[in-house]
Amino acid sequence: MNIIDETVKWLGEPNRWSWTDKAGIPYRTVEHLELSVLSLLLAALLAIPAALFLAHYRRGAFLAATAVNIGRAIPSFGLVVLFWFLASRFDIDTSVLPLLVALLVLALPPLFSNTYAGVVQVEPETVDAARGTGFREWQLMLRVELPLASPVILAGARVAFLQVVATVAIGAIVNDGGGLGRYIVDGFALGASGRGEILAGGIAVVILALLCEGAFSLITRWLVPRGLSLPRNPHAQS
């Protein structure tokens with residue numbers, strides 16, 4: 001039996017399309033997305049307000065540049081293993097928390113650096129005009145700089161989310177979850193008989209990543225104020 005036949009056979013197994021059984025692709029997809037979205041939201045809550053504040057007052061430029069470099073240098077697998085090892089060393093539950101912390105660390109740099117870059121490149125004349133009409137500093141940040149920087153911020157969120165989606169699959173190596181990556185890890189554990197499961201799991205992760213990319217394109221069109229386009233900036237990740 002070739003690998004295609006093995007994959008088709010695996011996909012046709014009982015409960016493979018169940019929403020409630022752990023063997024089901026829908027169940028694992030929801031698990032994958034829940035962890036990915038949670039990680040992105042937590043990272044956004046930590047990174048965006050801090051970067052918005054620092055960029056408004058033109059502080060933390062070195063921190064923003066460092067975030068870019070860190071984001072490009074951090075090895076995803078190394079982070080997952082590191083936090084799993086630390087959690088197991090200190091008798092902390094390793095089922096979700098180590099992977100969640102690793103995903104958070106991966107998502108922070110692009111969100112922080114893109115928010116900072118987007119706010120810094122807002123035209124000073126626009127900010128001064130709003131200030132002249134009586135806007136307070138917090139109003140300038142939330143009602144002027146944040147909307148104008150939204151294309152760059154969303155580009156950073158897209159980079160962060162796709163990296164997180166890919167890393168959740170890797171996380172299946174060290175925890176019982178791992179979303180769709182569970183199939184890849186379990187397939188390797190079966191040896192030659194798991195080739196179909198490995199291929200199906202890999203295809204599922206790729207399809208999910210493509211769907212997430214398309215979803216972010218729609219979200220960007222919906223959230224970005226009309227007339228704004230994504231500006232070019234060497235510190236922004238897109």
# chains A, B, ... in the order shown; residues from 1 in each chain; ligands from 1

call {"tool": "residues_around", "arguments": {"residues": "Ile153 (chain A)", "least_positions_apart": "4", "cutoff": "7 Å", "atoms": "only C-alpha atoms", "output": "list in words"}}
result
Leu111, Asn114, Thr115, Gly118, Ala149 and Ala157 of chain A

call {"tool": "write_last_selection", "arguments": {"atoms": "C-alpha atoms", "output": "tab-separated table (two decimals), in the first residue's frame"}}
result
chain	number	residue	atom	x	y	z
A	111	LEU	CA	3.62	42.75	17.80
A	114	ASN	CA	5.35	46.66	14.45
A	115	THR	CA	3.24	48.69	16.86
A	118	GLY	CA	3.59	52.07	13.02
A	149	ALA	CA	-0.73	52.60	12.73
A	157	ALA	CA	-0.17	40.28	14.27

call {"tool": "select_by_dssp", "arguments": {"residues": "region 3-202 of chain A", "states": "alpha helix (DSSP H)", "output": "VMD selection string"}}
result
chain A and resid 3 to 11 25 to 56 61 to 73 76 to 89 97 to 120 124 to 132 137 to 140 146 to 171 181 to 190 195 to 202

call {"tool": "closest_atom_pairs", "arguments": {"of": "region 93-132 of chain A", "to": "region 23-46 of chain A", "cutoff": "7 Å", "atoms": "only C-alpha atoms", "output": "Markdown table"}}
result
| residue | atom | partner | partner_atom | distance |
| --- | --- | --- | --- | --- |
| A:Leu100 | CA | A:Ser39 | CA | 6.4 |
| A:Leu103 | CA | A:Ser39 | CA | 6.0 |
| A:Leu104 | CA | A:Ser39 | CA | 5.4 |
| A:Ala107 | CA | A:Ala43 | CA | 6.0 |
| A:Leu108 | CA | A:Ala43 | CA | 5.3 |
| A:Leu111 | CA | A:Ala44 | CA | 6.6 |

call {"tool": "residues_around", "arguments": {"residues": "Thr94 (chain A)", "least_positions_apart": "6", "cutoff": "10 Å", "atoms": "only C-alpha atoms", "output": "ChimeraX atom specification"}}
result
/A:83-88,174-176

call {"tool": "write_last_selection", "arguments": {"atoms": "N, CA, C and O atoms", "output": "PDB file, in the first residue's frame"}}
result
ATOM      1  N   PHE A  83      10.888  25.598  28.003  1.00  0.00           N
ATOM      2  CA  PHE A  83       9.835  25.839  28.991  1.00  0.00           C
ATOM      3  C   PHE A  83       9.231  24.542  29.501  1.00  0.00           C
ATOM      4  O   PHE A  83       8.799  24.462  30.659  1.00  0.00           O
ATOM      5  N   TRP A  84       9.196  23.521  28.656  1.00  0.00           N
ATOM      6  CA  TRP A  84       8.740  22.214  29.139  1.00  0.00           C
ATOM      7  C   TRP A  84       9.709  21.660  30.181  1.00  0.00           C
ATOM      8  O   TRP A  84       9.293  21.143  31.223  1.00  0.00           O
ATOM      9  N   PHE A  85      11.001  21.795  29.924  1.00  0.00           N
ATOM     10  CA  PHE A  85      12.000  21.300  30.873  1.00  0.00           C
ATOM     11  C   PHE A  85      11.908  22.053  32.197  1.00  0.00           C
ATOM     12  O   PHE A  85      11.952  21.447  33.270  1.00  0.00           O
ATOM     13  N   LEU A  86      11.764  23.378  32.144  1.00  0.00           N
ATOM     14  CA  LEU A  86      11.680  24.168  33.368  1.00  0.00           C
ATOM     15  C   LEU A  86      10.427  23.808  34.168  1.00  0.00           C
ATOM     16  O   LEU A  86      10.471  23.712  35.397  1.00  0.00           O
ATOM     17  N   ALA A  87       9.314  23.618  33.454  1.00  0.00           N
ATOM     18  CA  ALA A  87       8.069  23.264  34.139  1.00  0.00           C
ATOM     19  C   ALA A  87       8.187  21.898  34.814  1.00  0.00           C
ATOM     20  O   ALA A  87       7.775  21.728  35.974  1.00  0.00           O
ATOM     21  N   SER A  88       8.758  20.937  34.121  1.00  0.00           N
ATOM     22  CA  SER A  88       8.912  19.607  34.702  1.00  0.00           C
ATOM     23  C   SER A  88       9.920  19.610  35.844  1.00  0.00           C
ATOM     24  O   SER A  88       9.770  18.865  36.817  1.00  0.00           O
ATOM     25  N   VAL A 174       6.020  17.693  23.165  1.00  0.00           N
ATOM     26  CA  VAL A 174       6.262  17.734  24.605  1.00  0.00           C
ATOM     27  C   VAL A 174       4.986  17.788  25.442  1.00  0.00           C
ATOM     28  O   VAL A 174       5.070  17.826  26.667  1.00  0.00           O
ATOM     29  N   ASN A 175       3.812  17.820  24.834  1.00  0.00           N
ATOM     30  CA  ASN A 175       2.598  17.774  25.659  1.00  0.00           C
ATOM     31  C   ASN A 175       1.522  16.925  24.990  1.00  0.00           C
ATOM     32  O   ASN A 175       1.666  16.507  23.846  1.00  0.00           O
ATOM     33  N   ASP A 176       0.438  16.678  25.732  1.00  0.00           N
ATOM     34  CA  ASP A 176      -0.604  15.781  25.239  1.00  0.00           C
ATOM     35  C   ASP A 176      -1.516  16.445  24.214  1.00  0.00           C
ATOM     36  O   ASP A 176      -2.297  15.776  23.560  1.00  0.00           O
TER      37      ASP A 176
END

call {"tool": "atom_distance", "arguments": {"atom1": "CA of Ser217 (chain A)", "atom2": "CA of Arg158 (chain A)"}}
result
8.7 Å

call {"tool": "atom_distance", "arguments": {"atom1": "CA of Ala55 (chain A)", "atom2": "CA of Thr220 (chain A)"}}
result
21.8 Å

call {"tool": "residues_around", "arguments": {"residues": "Gly178 (chain A)", "least_positions_apart": "5", "cutoff": "6 Å", "atoms": "only C-alpha atoms", "output": "PyMOL selection string"}}
result
chain A and resi 168-169+171-172

call {"tool": "atom_distance", "arguments": {"atom1": "CA of Tyr183 (chain A)", "atom2": "CA of Phe216 (chain A)"}}
result
25.7 Å

call {"tool": "residues_around", "arguments": {"residues": "Glu123 (chain A)", "least_positions_apart": "5", "cutoff": "10 Å", "atoms": "only C-alpha atoms", "output": "number ranges by chain"}}
result
A: 128, 145, 148

call {"tool": "residues_around", "arguments": {"residues": "region 60-69 of chain A", "least_positions_apart": "4", "cutoff": "9 Å", "atoms": "only C-alpha atoms", "output": "ChimeraX atom specification"}}
result
/A:51,54-55,73-74,108-110,112-114,116-117,235-237

call {"tool": "closest_residue", "arguments": {"among": "A:Leu11, A:Thr20, A:Thr167, A:Phe90", "to": "Gly78 (chain A)", "atoms": "only C-alpha atoms"}}
result
A:Thr167

call {"tool": "closest_residue", "arguments": {"among": "A:Ile70, A:Pro49, A:Met1, A:Val80", "to": "Val96 (chain A)", "atoms": "only C-alpha atoms"}}
result
A:Val80

call {"tool": "residues_around", "arguments": {"residues": "Leu210 (chain A)", "least_positions_apart": "5", "cutoff": "9 Å", "atoms": "only C-alpha atoms", "output": "ChimeraX atom specification"}}
result
/A:162,205,215

call {"tool": "write_last_selection", "arguments": {"atoms": "N, CA, C and O atoms", "output": "PDB file, in the first residue's frame"}}
result
ATOM      1  N   LEU A 162       0.802  33.410  12.490  1.00  0.00           N
ATOM      2  CA  LEU A 162       1.239  32.295  11.648  1.00  0.00           C
ATOM      3  C   LEU A 162       2.401  31.542  12.286  1.00  0.00           C
ATOM      4  O   LEU A 162       2.493  30.317  12.192  1.00  0.00           O
ATOM      5  N   VAL A 205      -2.077  20.902   8.832  1.00  0.00           N
ATOM      6  CA  VAL A 205      -1.414  22.092   9.389  1.00  0.00           C
ATOM      7  C   VAL A 205      -1.220  23.148   8.299  1.00  0.00           C
ATOM      8  O   VAL A 205      -1.444  24.342   8.531  1.00  0.00           O
ATOM      9  N   ALA A 215      -7.806  34.632   6.506  1.00  0.00           N
ATOM     10  CA  ALA A 215      -8.645  35.299   7.504  1.00  0.00           C
ATOM     11  C   ALA A 215      -8.048  36.632   7.926  1.00  0.00           C
ATOM     12  O   ALA A 215      -8.765  37.624   8.100  1.00  0.00           O
TER      13      ALA A 215
END
